[in-house]
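**Q** This is the content of query25.txt (compact mmCIF, C-alpha atoms):
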# COMPACT_ATOMS: atom_id res chain seq x y z
CA MET A 21 -121.45 -2.38 -58.79
CA LYS A 22 -121.18 -4.71 -55.80
CA THR A 23 -119.17 -3.81 -52.71
CA GLY A 24 -117.08 -6.34 -50.82
CA LEU A 25 -115.15 -6.64 -47.56
CA VAL A 26 -112.02 -8.81 -47.75
CA MET A 27 -110.28 -10.04 -44.59
CA GLU A 28 -106.81 -11.60 -44.40
CA GLY A 29 -105.93 -14.23 -41.80
CA GLY A 30 -102.93 -14.24 -39.48
CA ALA A 31 -104.32 -15.93 -36.35
CA MET A 32 -104.24 -13.44 -33.46
CA ARG A 33 -103.13 -10.65 -35.77
CA GLY A 34 -106.82 -10.81 -36.63
CA MET A 35 -107.48 -8.59 -33.62
CA PHE A 36 -106.49 -5.72 -35.93
CA THR A 37 -109.28 -6.80 -38.29
CA CYS A 38 -111.70 -6.97 -35.35
CA GLY A 39 -110.93 -3.34 -34.53
CA VAL A 40 -111.56 -2.33 -38.13
CA ILE A 41 -114.87 -4.16 -38.52
CA ASP A 42 -116.18 -2.90 -35.17
CA VAL A 43 -115.70 0.69 -36.34
CA LEU A 44 -117.36 -0.12 -39.67
CA MET A 45 -120.37 -1.61 -37.87
CA GLU A 46 -120.59 1.30 -35.42
CA GLN A 47 -120.62 3.68 -38.38
CA GLY A 48 -123.32 1.74 -40.24
CA ILE A 49 -121.04 0.86 -43.18
CA ALA A 50 -122.36 -2.20 -45.00
CA PHE A 51 -121.26 -4.37 -47.93
CA ASP A 52 -122.97 -6.62 -50.46
CA GLY A 53 -120.57 -9.43 -49.63
CA ALA A 54 -117.63 -10.32 -47.41
CA GLY A 55 -114.96 -12.98 -47.50
CA GLY A 56 -112.41 -14.19 -45.00
CA ILE A 57 -109.49 -16.58 -44.81
CA SER A 58 -108.49 -18.25 -41.53
CA ALA A 59 -108.82 -15.65 -38.75
CA GLY A 60 -110.52 -13.42 -41.29
CA ALA A 61 -113.27 -16.05 -41.42
CA VAL A 62 -113.67 -17.00 -37.75
CA PHE A 63 -113.52 -13.39 -36.54
CA GLY A 64 -115.00 -11.76 -39.65
CA CYS A 65 -118.21 -13.77 -39.41
CA ASN A 66 -119.20 -11.40 -36.60
CA PHE A 67 -119.59 -8.66 -39.20
CA LYS A 68 -122.46 -10.60 -40.75
CA SER A 69 -124.03 -11.34 -37.35
CA ARG A 70 -123.53 -7.65 -36.43
CA GLN A 71 -121.93 -8.47 -33.06
CA ILE A 72 -119.76 -5.49 -32.25
CA GLY A 73 -116.97 -6.32 -29.81
CA ARG A 74 -117.61 -10.06 -29.61
CA PRO A 75 -114.29 -11.51 -30.90
CA ILE A 76 -112.03 -9.16 -28.94
CA ARG A 77 -114.13 -9.81 -25.84
CA TYR A 78 -113.95 -13.60 -25.92
CA ASN A 79 -110.33 -13.70 -27.06
CA LYS A 80 -109.21 -11.52 -24.16
CA LYS A 81 -111.29 -13.54 -21.72
CA TYR A 82 -110.23 -17.02 -22.83
CA CYS A 83 -106.80 -16.61 -24.47
CA ARG A 84 -105.11 -18.13 -21.38
CA ASP A 85 -107.77 -20.80 -20.86
CA LYS A 86 -106.39 -24.31 -21.49
CA ARG A 87 -109.71 -25.31 -23.04
CA TYR A 88 -109.23 -22.62 -25.68
CA LYS A 89 -105.59 -23.26 -26.57
CA SER A 90 -102.96 -25.49 -24.99
CA VAL A 91 -100.12 -27.91 -25.68
CA HIS A 92 -102.19 -30.46 -23.75
CA SER A 93 -104.97 -30.11 -26.31
CA LEU A 94 -102.46 -30.48 -29.15
CA LEU A 95 -100.92 -33.62 -27.66
CA THR A 96 -104.22 -35.28 -26.74
CA THR A 97 -106.43 -34.26 -29.67
CA GLY A 98 -104.14 -33.06 -32.46
CA ASP A 99 -105.56 -29.53 -32.24
CA LEU A 100 -103.75 -26.67 -30.52
CA TYR A 101 -107.07 -24.82 -30.31
CA GLY A 102 -109.69 -26.96 -28.58
CA VAL A 103 -112.33 -27.79 -31.17
CA ASP A 104 -115.24 -28.49 -28.84
CA PHE A 105 -114.55 -25.39 -26.77
CA CYS A 106 -113.91 -23.00 -29.69
CA TYR A 107 -116.62 -24.20 -32.05
CA ARG A 108 -119.38 -25.39 -29.71
CA GLU A 109 -119.12 -24.34 -26.08
CA LEU A 110 -117.93 -20.80 -26.74
CA PRO A 111 -120.39 -19.83 -29.56
CA ASP A 112 -123.32 -21.83 -28.15
CA GLU A 113 -123.01 -21.11 -24.43
CA LEU A 114 -120.30 -18.74 -23.23
CA ASP A 115 -120.41 -15.85 -25.74
CA VAL A 116 -123.30 -16.74 -28.00
CA PHE A 117 -122.93 -16.33 -31.75
CA ASP A 118 -126.14 -14.78 -33.10
CA ARG A 119 -127.04 -17.27 -35.82
CA LYS A 120 -130.44 -15.67 -36.37
CA ALA A 121 -128.85 -12.31 -37.18
CA PHE A 122 -126.22 -14.05 -39.33
CA ARG A 123 -128.90 -15.91 -41.28
CA GLU A 124 -131.15 -12.86 -41.77
CA ASN A 125 -128.39 -10.49 -42.90
CA PRO A 126 -128.56 -10.56 -46.74
CA MET A 127 -124.82 -9.94 -47.08
CA ALA A 128 -123.09 -12.95 -48.65
CA PHE A 129 -120.22 -14.40 -46.61
CA TYR A 130 -117.50 -16.63 -48.07
CA VAL A 131 -114.70 -18.62 -46.43
CA GLY A 132 -111.77 -20.35 -48.08
CA ALA A 133 -109.86 -23.48 -47.05
CA THR A 134 -107.06 -25.53 -48.61
CA ASP A 135 -107.88 -28.96 -50.05
CA VAL A 136 -105.01 -31.09 -48.72
CA ASP A 137 -105.38 -33.62 -51.55
CA THR A 138 -105.04 -31.11 -54.38
CA GLY A 139 -103.19 -28.24 -52.70
CA LYS A 140 -105.80 -25.83 -54.06
CA ILE A 141 -108.22 -23.37 -52.46
CA VAL A 142 -111.91 -24.23 -52.06
CA TYR A 143 -114.52 -21.61 -51.21
CA HIS A 144 -117.82 -22.01 -49.40
CA ARG A 145 -120.69 -19.54 -49.11
CA CYS A 146 -122.00 -19.65 -45.56
CA ALA A 147 -125.76 -19.94 -45.29
CA ASP A 148 -126.87 -19.78 -41.68
CA GLY A 149 -123.88 -19.93 -39.32
CA GLY A 150 -124.87 -23.47 -38.36
CA GLU A 151 -122.81 -26.62 -37.97
CA THR A 152 -121.73 -26.89 -41.62
CA ASP A 153 -120.66 -23.25 -41.78
CA MET A 154 -118.79 -23.62 -38.48
CA ARG A 155 -116.88 -26.61 -39.83
CA TRP A 156 -115.87 -24.60 -42.88
CA MET A 157 -114.71 -21.73 -40.69
CA ARG A 158 -112.79 -24.16 -38.50
CA ALA A 159 -111.19 -25.70 -41.61
CA SER A 160 -110.19 -22.28 -42.90
CA ALA A 161 -108.42 -21.52 -39.60
CA SER A 162 -106.86 -24.95 -39.00
CA MET A 163 -103.13 -24.33 -39.15
CA PRO A 164 -101.02 -27.21 -40.53
CA MET A 165 -98.89 -29.07 -37.97
CA VAL A 166 -101.07 -27.99 -35.05
CA SER A 167 -104.52 -28.96 -36.34
CA ARG A 168 -106.29 -32.05 -37.57
CA VAL A 169 -107.54 -32.16 -41.14
CA VAL A 170 -111.23 -31.17 -41.27
CA GLU A 171 -113.51 -33.33 -43.40
CA ILE A 172 -116.57 -31.56 -44.80
CA ASP A 173 -118.67 -31.77 -47.99
CA GLY A 174 -116.39 -34.41 -49.49
CA TYR A 175 -113.23 -32.38 -48.93
CA ARG A 176 -110.28 -32.74 -46.55
CA LEU A 177 -109.27 -29.25 -45.56
CA LEU A 178 -106.80 -27.07 -43.65
CA ASP A 179 -105.86 -23.38 -43.42
CA GLY A 180 -106.91 -21.44 -46.51
CA GLY A 181 -104.01 -19.04 -46.11
CA VAL A 182 -101.59 -21.72 -47.30
CA VAL A 183 -102.58 -21.10 -50.92
CA ASP A 184 -104.77 -17.96 -50.98
CA PRO A 185 -103.65 -15.20 -48.60
CA THR A 186 -106.89 -13.25 -49.05
CA PRO A 187 -110.17 -13.87 -50.93
CA TYR A 188 -109.75 -10.60 -52.87
CA PHE A 189 -109.43 -12.08 -56.35
CA TYR A 190 -112.08 -14.70 -55.64
CA MET A 191 -114.45 -11.92 -54.57
CA LYS A 192 -113.70 -10.04 -57.78
CA GLU A 193 -114.60 -13.18 -59.74
CA GLN A 194 -117.93 -13.24 -57.92
CA GLY A 195 -118.66 -9.71 -59.12
CA TYR A 196 -117.58 -7.69 -56.08
CA ASP A 197 -115.80 -4.98 -58.00
CA ARG A 198 -115.38 -2.41 -55.22
CA CYS A 199 -113.63 -4.04 -52.27
CA VAL A 200 -112.23 -2.80 -48.98
CA VAL A 201 -109.33 -5.10 -48.07
CA VAL A 202 -108.13 -5.54 -44.48
CA LEU A 203 -104.58 -6.87 -44.20
CA THR A 204 -102.80 -7.77 -40.96
CA GLN A 205 -99.20 -7.02 -41.95
CA PRO A 206 -97.66 -3.58 -42.64
CA GLU A 207 -96.84 -2.52 -46.19
CA THR A 208 -93.13 -3.26 -45.78
CA TYR A 209 -93.69 -6.91 -44.77
CA ARG A 210 -92.40 -9.69 -47.01
CA LYS A 211 -92.89 -13.33 -46.12
CA GLU A 212 -89.74 -15.43 -46.02
CA LYS A 213 -89.31 -19.13 -46.72
CA SER A 214 -90.16 -21.15 -43.62
CA GLY A 215 -87.30 -22.82 -41.80
CA MET A 216 -89.80 -25.48 -40.69
CA LEU A 217 -90.22 -26.98 -44.17
CA PRO A 218 -88.19 -30.17 -43.53
CA LEU A 219 -90.27 -30.90 -40.43
CA MET A 220 -93.49 -30.04 -42.28
CA ARG A 221 -92.62 -32.45 -45.10
CA LEU A 222 -92.03 -35.19 -42.56
CA ALA A 223 -95.17 -34.51 -40.52
CA LEU A 224 -97.41 -34.03 -43.57
CA GLN A 225 -95.92 -36.62 -45.90
CA ARG A 226 -99.38 -38.09 -46.50
CA TYR A 227 -100.32 -34.85 -48.25
CA PRO A 228 -97.65 -34.18 -50.91
CA LYS A 229 -99.74 -31.54 -52.71
CA LEU A 230 -100.16 -29.66 -49.45
CA THR A 231 -96.44 -29.72 -48.69
CA GLU A 232 -95.71 -28.53 -52.24
CA ALA A 233 -98.04 -25.58 -51.63
CA MET A 234 -96.44 -24.84 -48.27
CA ALA A 235 -92.96 -24.83 -49.84
CA LYS A 236 -94.12 -22.06 -52.20
CA ARG A 237 -96.23 -20.22 -49.65
CA HIS A 238 -93.85 -17.28 -49.24
CA GLU A 239 -93.68 -16.72 -52.99
CA VAL A 240 -97.45 -16.97 -53.39
CA TYR A 241 -98.05 -14.61 -50.48
CA ASN A 242 -95.64 -11.94 -51.67
CA ALA A 243 -96.98 -12.08 -55.23
CA HIS A 244 -100.58 -11.91 -54.00
CA ILE A 245 -99.96 -8.88 -51.80
CA ALA A 246 -98.01 -7.17 -54.58
CA ALA A 247 -100.99 -7.69 -56.91
CA ILE A 248 -103.34 -6.18 -54.33
CA ARG A 249 -100.95 -3.24 -53.94
CA ALA A 250 -101.11 -2.68 -57.71
CA GLU A 251 -104.90 -2.77 -57.60
CA GLU A 252 -104.81 -0.31 -54.70
CA LYS A 253 -102.57 2.13 -56.59
CA ALA A 254 -104.91 1.91 -59.58
CA GLY A 255 -107.85 2.86 -57.36
CA LYS A 256 -109.55 -0.52 -57.81
CA CYS A 257 -109.60 -1.36 -54.10
CA LEU A 258 -109.04 0.35 -50.77
CA VAL A 259 -106.61 -1.30 -48.36
CA LEU A 260 -106.40 -0.94 -44.60
CA ARG A 261 -103.25 -2.34 -43.02
CA PRO A 262 -101.30 -1.83 -39.78
CA PRO A 263 -98.89 1.12 -40.01
CA GLU A 264 -96.28 -1.07 -38.31
CA ALA A 265 -95.87 -4.68 -37.18
CA LEU A 266 -98.60 -5.68 -34.75
CA PRO A 267 -97.52 -6.37 -31.13
CA VAL A 268 -98.83 -9.95 -31.20
CA HIS A 269 -97.63 -13.32 -32.41
CA ARG A 270 -99.88 -15.86 -34.10
CA THR A 271 -100.87 -17.66 -30.89
CA GLU A 272 -100.75 -14.65 -28.58
CA SER A 273 -101.89 -15.26 -24.97
CA SER A 274 -101.63 -11.73 -23.59
CA PRO A 275 -104.99 -9.94 -23.27
CA GLU A 276 -103.13 -6.64 -23.13
CA LYS A 277 -101.34 -7.24 -26.43
CA LEU A 278 -104.56 -8.42 -28.08
CA GLU A 279 -106.18 -5.17 -26.98
CA LEU A 280 -103.29 -3.17 -28.44
CA ALA A 281 -103.69 -4.84 -31.83
CA TYR A 282 -107.45 -4.29 -31.67
CA GLN A 283 -107.02 -0.60 -30.88
CA MET A 284 -104.58 -0.25 -33.80
CA GLY A 285 -107.32 -1.57 -36.07
CA ARG A 286 -109.87 0.84 -34.62
CA LYS A 287 -107.52 3.79 -35.00
CA GLU A 288 -106.75 2.97 -38.63
CA ALA A 289 -110.43 2.58 -39.52
CA GLU A 290 -111.42 5.78 -37.72
CA LYS A 291 -108.64 7.70 -39.46
CA ARG A 292 -109.80 6.56 -42.87
CA LEU A 293 -113.59 6.62 -42.49
CA GLY A 294 -113.94 9.45 -44.98
CA GLU A 295 -111.89 7.57 -47.57
CA ILE A 296 -113.87 4.39 -47.02
CA ARG A 297 -117.22 6.12 -47.47
CA ALA A 298 -116.07 8.00 -50.55
CA PHE A 299 -114.65 4.84 -52.11
CA LEU A 300 -117.84 2.83 -51.56
CA GLU A 301 -120.06 5.63 -52.87
CA LYS A 302 -118.23 6.14 -56.19
Since I need it in another form, could you write the structure as structure tokens?

**A**
Amino acid sequence: MKTGLVMEGGAMRGMFTCGVIDVLMEQGIAFDGAGGISAGAVFGCNFKSRQIGRPIRYNKKYCRDKRYKSVHSLLTTGDLYGVDFCYRELPDELDVFDRKAFRENPMAFYVGATDVDTGKIVYHRCADGGETDMRWMRASASMPMVSRVVEIDGYRLLDGGVVDPTPYFYMKEQGYDRCVVVLTQPETYRKEKSGMLPLMRLALQRYPKLTEAMAKRHEVYNAHIAAIRAEEKAGKCLVLRPPEALPVHRTESSPEKLELAYQMGRKEAEKRLGEIRAFLEK
């Protein structure tokens, strides 16, 4: 039996995930492997580096900083979230990402991104938290329309959540047969067809396979979550999700609201610690 931690994306809804993983780290709960999509990758990597509190700390500190996220950055670089600031200055200088701890932790860590040429998911196992891994994490979290395509390892990539809402089934394929899944939407949530599709097709016309995937995204998401719910009811996985809609939007700039989402994650994890331990020890 191999245990796995699975983390959904959702941009700043990922503060819920940060609350969950901080409690897991504080309680000494470990896994054989972990996988994240989008925010689940860029925030979840701190589980492997064992840096309790890091993502909520830097997000609250810099969420209103124009270097971190701004329309100016989008208009001048093609990225709403400043690439140099988010993936170099912040982890290398301002709130240092512990690459040594990341590298030495034997837990496997996977991130998924969407290949814009095929419209399919591609997964990467992170090795050391270095430049290549950071580019994969950036690709996984690069939202279409507000991010440039990321070129890495022969692929052209964007947000993994377009085609694979969570890495749960990928992790199962890798042999992680006892997974704790962290979702960032409540159980009643159903994704609806985006009203932005005509604009997306126009803006992304160079990537027809990507736009095809985005047109079906709501159907894929709802089917994926329904399949996880079936696995949960069968006792094959344990799911932690917000009890209600989180008080943040995808590009939230309020430190107070980010803290609220984070505390919701902490509360849910603390409430279910006994269940989590029992599930992983079966």

**Q** When you look at A:Arg286 with a cut-off of 7 Å (counting all atoms listed in the file), what residues show up, excluding the ones that are within fewer than 6 positions of it in the same chain? I need them as number ranges by chain.

**A** A: 39-40, 43

**Q** Find the residues around stretch 172-187 of chain A up to 6 Å (all atoms listed in the file counted), leave out those fewer than 4 positions away in its own chain, and share them as a list in words.

**A**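 Residues near the query, excluding close chain neighbours: Glu28, Gly55, Ile57, Gly132, Ala133, Thr134, Asp135, Val136, Ala159, Ser160, Ala161, Ser162, Met163, Met191 and Tyr241 of chain A.
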
**Q** Write out as number ranges by chain the residues lying within 12 Å of A:Gly285, counting all atoms listed in the file and excluding same-chain residues fewer than 2 positions away.

**A** A: 33-44, 76, 202-206, 260-267, 278-283, 287-292

**Q** Select, from A:Lys81, A:Lys86, A:Arg158, A:Lys22, the residue with the minimum atom-to-atom distance to A:Gly195, counting all atoms listed in the file.

**A** A:Lys22

**Q** Can you measure atom CA of A:Ala50 to atom CA of A:Ile141 for me? One decimal in Å is fine.

**A** 26.5 Å

**Q** Excluding same-chain residues fewer than 3 positions from A:Cys199, what lies within 9 Å of it counting only C-alpha atoms, as a ChimeraX atom specification?

**A** /A:22-26,51,54,188,191-192,196,256-259,299-300

**Q** Just the number, please: distance in Å from atom CA of A:His92 to atom CA of A:Lys211, one decimal.

**A**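 Those two atoms sit 29.7 Å apart.
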
**Q** So what do you get for atom CA of A:Leu94 versus atom CA of A:Asp112, distance-wise?

**A**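 Computed distance, atom CA of A:Leu94 to atom CA of A:Asp112, equals 22.6 Å.
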
**Q** From the list A:Cys106, A:Gly56, A:Ala243, A:Asn79, which residue is nearest A:His144 when using only C-alpha atoms?

**A**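 Distance minimum relative to A:His144 lands on A:Gly56.
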
**Q** Out of A:Val200, A:Val103, A:Val142, A:Thr152, which residue has the shortest atom-to-atom distance to A:Asp52 when counting all atoms listed in the file?

**A**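 Of all the options, A:Val200 lies closest to A:Asp52.
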
**Q** I'd like to know which of A:Leu100, A:Val169, A:Ile72, A:Val240 is closest to A:Asp118, using only C-alpha atoms.

**A**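 Ranking A:Leu100, A:Val169, A:Ile72, A:Val240 by distance to A:Asp118, first place goes to A:Ile72.
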
**Q** Given the choices A:Tyr209, A:Tyr227, A:Trp156, A:Tyr143, which gets closest to A:Glu193 if the distance is worked out from only C-alpha atoms?

**A** A:Tyr143

**Q** Rebuild stretch 46-57 of chain A so that it carries all heavy atoms, then output the result as a compact mmCIF listing (two decimals), keeping the file's coordinate frame.

**A**
# COMPACT_ATOMS: atom_id res chain seq x y z
N GLU A 46 -120.13 0.15 -36.21
CA GLU A 46 -120.59 1.30 -35.42
C GLU A 46 -121.00 2.46 -36.31
O GLU A 46 -121.92 3.22 -35.97
CB GLU A 46 -119.48 1.75 -34.47
CG GLU A 46 -119.21 0.78 -33.34
CD GLU A 46 -117.87 1.02 -32.64
OE1 GLU A 46 -117.17 1.99 -33.01
OE2 GLU A 46 -117.52 0.23 -31.75
N GLN A 47 -120.35 2.58 -37.46
CA GLN A 47 -120.62 3.68 -38.38
C GLN A 47 -121.69 3.35 -39.43
O GLN A 47 -121.97 4.15 -40.30
CB GLN A 47 -119.33 4.10 -39.08
CG GLN A 47 -118.28 4.69 -38.14
CD GLN A 47 -118.74 5.98 -37.50
OE1 GLN A 47 -119.36 6.83 -38.15
NE2 GLN A 47 -118.44 6.16 -36.21
N GLY A 48 -122.25 2.14 -39.32
CA GLY A 48 -123.32 1.74 -40.24
C GLY A 48 -122.85 1.47 -41.66
O GLY A 48 -123.66 1.52 -42.60
N ILE A 49 -121.57 1.16 -41.84
CA ILE A 49 -121.04 0.86 -43.18
C ILE A 49 -121.31 -0.60 -43.50
O ILE A 49 -120.93 -1.49 -42.74
CB ILE A 49 -119.54 1.19 -43.25
CG1 ILE A 49 -119.33 2.70 -43.08
CG2 ILE A 49 -118.94 0.72 -44.58
CD1 ILE A 49 -117.89 3.12 -42.98
N ALA A 50 -121.97 -0.85 -44.62
CA ALA A 50 -122.36 -2.20 -45.00
C ALA A 50 -121.77 -2.56 -46.36
O ALA A 50 -121.31 -1.70 -47.12
CB ALA A 50 -123.88 -2.31 -45.04
N PHE A 51 -121.79 -3.86 -46.67
CA PHE A 51 -121.26 -4.37 -47.93
C PHE A 51 -122.24 -5.39 -48.51
O PHE A 51 -123.03 -5.99 -47.79
CB PHE A 51 -119.90 -5.05 -47.70
CG PHE A 51 -118.83 -4.12 -47.19
CD1 PHE A 51 -118.70 -3.87 -45.83
CD2 PHE A 51 -117.97 -3.50 -48.07
CE1 PHE A 51 -117.73 -3.01 -45.34
CE2 PHE A 51 -116.97 -2.64 -47.59
CZ PHE A 51 -116.86 -2.40 -46.23
N ASP A 52 -122.13 -5.60 -49.82
CA ASP A 52 -122.97 -6.62 -50.46
C ASP A 52 -122.46 -8.02 -50.14
O ASP A 52 -123.23 -8.98 -50.10
CB ASP A 52 -122.98 -6.41 -51.97
CG ASP A 52 -123.59 -5.07 -52.36
OD1 ASP A 52 -124.69 -4.76 -51.87
OD2 ASP A 52 -122.95 -4.33 -53.13
N GLY A 53 -121.16 -8.14 -49.94
CA GLY A 53 -120.57 -9.43 -49.63
C GLY A 53 -119.29 -9.27 -48.85
O GLY A 53 -118.67 -8.20 -48.85
N ALA A 54 -118.88 -10.33 -48.16
CA ALA A 54 -117.63 -10.32 -47.41
C ALA A 54 -116.99 -11.69 -47.53
O ALA A 54 -117.68 -12.71 -47.71
CB ALA A 54 -117.87 -9.97 -45.95
N GLY A 55 -115.67 -11.72 -47.44
CA GLY A 55 -114.96 -12.98 -47.50
C GLY A 55 -113.78 -12.97 -46.56
O GLY A 55 -113.12 -11.94 -46.39
N GLY A 56 -113.52 -14.11 -45.94
CA GLY A 56 -112.41 -14.19 -45.00
C GLY A 56 -111.63 -15.49 -45.15
O GLY A 56 -112.18 -16.51 -45.55
N ILE A 57 -110.37 -15.41 -44.84
CA ILE A 57 -109.49 -16.58 -44.81
C ILE A 57 -108.98 -16.73 -43.38
O ILE A 57 -108.54 -15.75 -42.76
CB ILE A 57 -108.28 -16.40 -45.75
CG1 ILE A 57 -108.72 -16.39 -47.22
CG2 ILE A 57 -107.22 -17.47 -45.51
CD1 ILE A 57 -109.10 -17.74 -47.78
